[in-house]
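Coordinates from protein36.cif are shown below (mmCIF, C-alpha atoms).
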data_my_file
#
loop_
_atom_site.group_PDB
_atom_site.id
_atom_site.type_symbol
_atom_site.label_atom_id
_atom_site.label_comp_id
_atom_site.auth_asym_id
_atom_site.auth_seq_id
_atom_site.Cartn_x
_atom_site.Cartn_y
_atom_site.Cartn_z
ATOM 1 C CA MET A 294 0.000 0.000 0.000
ATOM 2 C CA ALA A 295 1.499 3.343 -1.075
ATOM 3 C CA PRO A 296 1.723 6.180 1.455
ATOM 4 C CA ARG A 297 -1.009 8.740 1.097
ATOM 5 C CA LYS A 298 0.250 12.049 -0.330
ATOM 6 C CA GLU A 299 -0.821 15.235 1.451
ATOM 7 C CA PRO A 300 -2.049 18.041 -0.808
ATOM 8 C CA GLU A 301 0.580 20.830 -1.181
ATOM 9 C CA THR A 302 -0.319 24.155 0.414
ATOM 10 C CA LYS A 303 1.167 27.451 -0.737
ATOM 11 C CA PRO A 304 2.777 29.647 1.949
ATOM 12 C CA VAL A 305 0.995 32.899 2.716
ATOM 13 C CA VAL A 306 3.120 35.903 1.742
ATOM 14 C CA ARG A 307 2.305 39.348 3.115
ATOM 15 C CA LYS A 308 3.945 42.727 2.760
ATOM 16 C CA ALA A 309 5.917 43.789 5.889
ATOM 17 C CA GLU A 310 4.388 46.615 7.897
ATOM 18 C CA PHE A 311 6.583 48.859 10.045
ATOM 19 C CA VAL A 312 5.554 51.307 12.730
ATOM 20 C CA PRO A 313 7.091 54.750 12.119
ATOM 21 C CA PHE A 314 9.573 56.141 14.674
ATOM 22 C CA THR A 315 8.115 58.780 16.967
ATOM 23 C CA GLU A 316 11.528 60.376 17.493
ATOM 24 C CA ALA A 317 14.900 60.188 15.796
ATOM 25 C CA PRO A 318 17.337 57.530 17.118
ATOM 26 C CA GLU A 319 19.888 60.246 18.012
ATOM 27 C CA ALA A 320 17.392 61.815 20.416
ATOM 28 C CA THR A 321 17.072 58.575 22.412
ATOM 29 C CA GLY A 322 20.857 58.256 22.938
ATOM 30 C CA HIS A 323 20.918 60.944 25.632
ATOM 31 C CA GLN A 324 17.872 59.369 27.266
ATOM 32 C CA ASN A 325 19.620 55.975 27.383
ATOM 33 C CA LEU A 326 22.723 57.530 28.940
ATOM 34 C CA ASP A 327 20.551 59.117 31.635
ATOM 35 C CA LEU A 328 19.519 55.593 32.700
ATOM 36 C CA ILE A 329 23.059 54.703 33.802
ATOM 37 C CA LEU A 330 24.382 58.019 35.135
ATOM 38 C CA ASP A 331 23.513 57.114 38.756
ATOM 39 C CA LEU A 332 25.093 53.638 38.697
ATOM 40 C CA SER A 333 27.741 53.078 41.359
ATOM 41 C CA LEU A 334 31.144 51.878 40.200
ATOM 42 C CA ARG A 335 34.004 50.680 42.412
ATOM 43 C CA VAL A 336 37.031 52.929 41.879
ATOM 44 C CA THR A 337 40.365 51.545 43.076
ATOM 45 C CA VAL A 338 43.763 53.207 43.097
ATOM 46 C CA GLU A 339 46.560 50.670 43.243
ATOM 47 C CA LEU A 340 49.896 51.791 44.671
ATOM 48 C CA GLY A 341 51.561 48.466 43.954
ATOM 49 C CA ARG A 342 51.579 44.746 44.683
ATOM 50 C CA THR A 343 53.672 42.170 46.435
ATOM 51 C CA THR A 344 53.580 38.457 47.157
ATOM 52 C CA MET A 345 53.867 37.243 50.752
ATOM 53 C CA SER A 346 53.703 33.890 52.453
ATOM 54 C CA VAL A 347 51.068 33.213 55.093
ATOM 55 C CA ARG A 348 53.848 33.347 57.710
ATOM 56 C CA GLU A 349 54.858 36.854 56.559
ATOM 57 C CA VAL A 350 51.247 38.085 56.584
ATOM 58 C CA LEU A 351 50.675 36.725 60.099
ATOM 59 C CA ALA A 352 53.837 38.478 61.272
ATOM 60 C CA LEU A 353 52.493 41.902 60.178
ATOM 61 C CA GLY A 354 51.515 44.339 62.885
ATOM 62 C CA PRO A 355 51.342 48.060 63.577
ATOM 63 C CA GLY A 356 54.479 49.702 62.203
ATOM 64 C CA SER A 357 55.309 46.831 59.847
ATOM 65 C CA VAL A 358 56.716 47.846 56.467
ATOM 66 C CA PHE A 359 56.767 45.752 53.318
ATOM 67 C CA GLN A 360 58.000 46.532 49.824
ATOM 68 C CA LEU A 361 55.731 46.930 46.780
ATOM 69 C CA ASP A 362 56.613 46.368 43.130
ATOM 70 C CA ARG A 363 56.619 50.123 42.372
ATOM 71 C CA LEU A 364 59.144 52.860 42.966
ATOM 72 C CA ALA A 365 58.361 55.949 45.056
ATOM 73 C CA GLY A 366 56.894 58.634 42.791
ATOM 74 C CA GLU A 367 55.902 56.139 40.086
ATOM 75 C CA GLN A 368 52.410 56.444 38.598
ATOM 76 C CA VAL A 369 49.559 54.540 40.259
ATOM 77 C CA ASP A 370 46.899 52.495 38.445
ATOM 78 C CA ILE A 371 43.303 53.721 38.492
ATOM 79 C CA LEU A 372 40.828 50.878 38.112
ATOM 80 C CA ILE A 373 37.070 50.932 37.594
ATOM 81 C CA ASN A 374 35.431 47.622 38.562
ATOM 82 C CA ASP A 375 38.840 45.891 38.437
ATOM 83 C CA ARG A 376 39.719 47.171 34.950
ATOM 84 C CA ILE A 377 42.582 49.610 34.547
ATOM 85 C CA ILE A 378 41.340 52.763 32.844
ATOM 86 C CA ALA A 379 43.989 55.355 33.694
ATOM 87 C CA LYS A 380 47.253 56.173 35.431
ATOM 88 C CA GLY A 381 47.792 58.982 37.879
ATOM 89 C CA GLU A 382 49.877 60.513 40.622
ATOM 90 C CA VAL A 383 49.090 60.730 44.316
ATOM 91 C CA VAL A 384 48.415 64.248 45.600
ATOM 92 C CA VAL A 385 47.435 65.710 48.965
ATOM 93 C CA VAL A 386 44.385 67.971 49.101
ATOM 94 C CA ASP A 387 43.533 69.568 52.492
ATOM 95 C CA GLU A 388 45.127 66.702 54.464
ATOM 96 C CA ASN A 389 43.385 64.060 52.297
ATOM 97 C CA PHE A 390 45.004 61.871 49.670
ATOM 98 C CA GLY A 391 43.782 62.235 46.094
ATOM 99 C CA VAL A 392 44.833 61.152 42.630
ATOM 100 C CA ARG A 393 45.522 63.383 39.643
ATOM 101 C CA ILE A 394 44.837 61.565 36.373
ATOM 102 C CA THR A 395 47.871 61.857 34.116
ATOM 103 C CA ASP A 396 47.098 59.318 31.371
ATOM 104 C CA ILE A 397 43.944 57.593 30.086
ATOM 105 C CA ILE A 398 44.513 54.048 28.845
ATOM 106 C CA ALA A 399 43.519 53.531 25.189
ATOM 107 C CA PRO A 400 40.232 51.607 24.807
ATOM 108 C CA ASN A 401 41.875 48.779 22.826
ATOM 109 C CA LYS A 402 44.314 48.192 25.733
ATOM 110 C CA ARG A 403 41.483 48.341 28.309
ATOM 111 C CA ILE A 404 39.626 45.445 26.683
ATOM 112 C CA GLY A 405 42.310 42.950 27.676
ATOM 113 C CA GLY A 406 42.024 43.843 31.379
ATOM 114 C CA ARG A 407 45.111 44.470 33.505
ATOM 115 C CA GLU A 408 48.371 45.371 31.807
#
Encoded form (structure tokens):
Amino acid sequence: MAPRKEPETKPVVRKAEFVPFTEAPEATGHQNLDLILDLSLRVTVELGRTTMSVREVLALGPGSVFQLDRLAGEQVDILINDRIIAKGEVVVVDENFGVRITDIIAPNKRIGGRE
């Protein structure tokens, strides 16, 4: 017994209908930026790094000094959410520490994360 053949149906084709824009796309860009302007980001300034054993860390106390991998006066890294975005120098403003940005890292170097 031969399988029964279904009759072929033609697909329904309709013309696409689009809703017109109520405002130009450029006008919404500023609105979209306004949505994120109040987001909090973690800003970190890194003076330097070192590696220590657990024994050395446990031996630390008030007055302890340990050496970092940077020289005095060398630029510090400025990180936003753990990504380096700039370099700067430490300054003192009214008895508080601050950082003056001296160099912005190029976007193509920022993509890879830490230098």
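Picture a line from atom CA of Ile377 of chain A to atom CA of Ala399 of chain A; it runs 10.2 Å.
As for atom CA of Leu351 of chain A and atom CA of Val369 of chain A, they are spaced 26.7 Å apart.
One distance worth recording is that between atom CA of Thr337 of chain A and atom CA of Glu367 of chain A, which is 16.5 Å.
Among the candidates A:Ala365, A:Gly341, A:Val347, A:Pro400, the one nearest to Ala379 of chain A when counting only C-alpha atoms is A:Pro400.
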If you apply the PyMOL selection byres ((chain A and resi 338) around 10) to this file, what residues do you get, as a PyMOL selection string? chain A and resi 336-337+339-341+369-373+375+377+379-383+391-392
Using all atoms listed in the file, the best pick from A:Arg297, A:Arg403, A:Arg335, A:Lys303 as closest to Arg376 of chain A would be A:Arg403
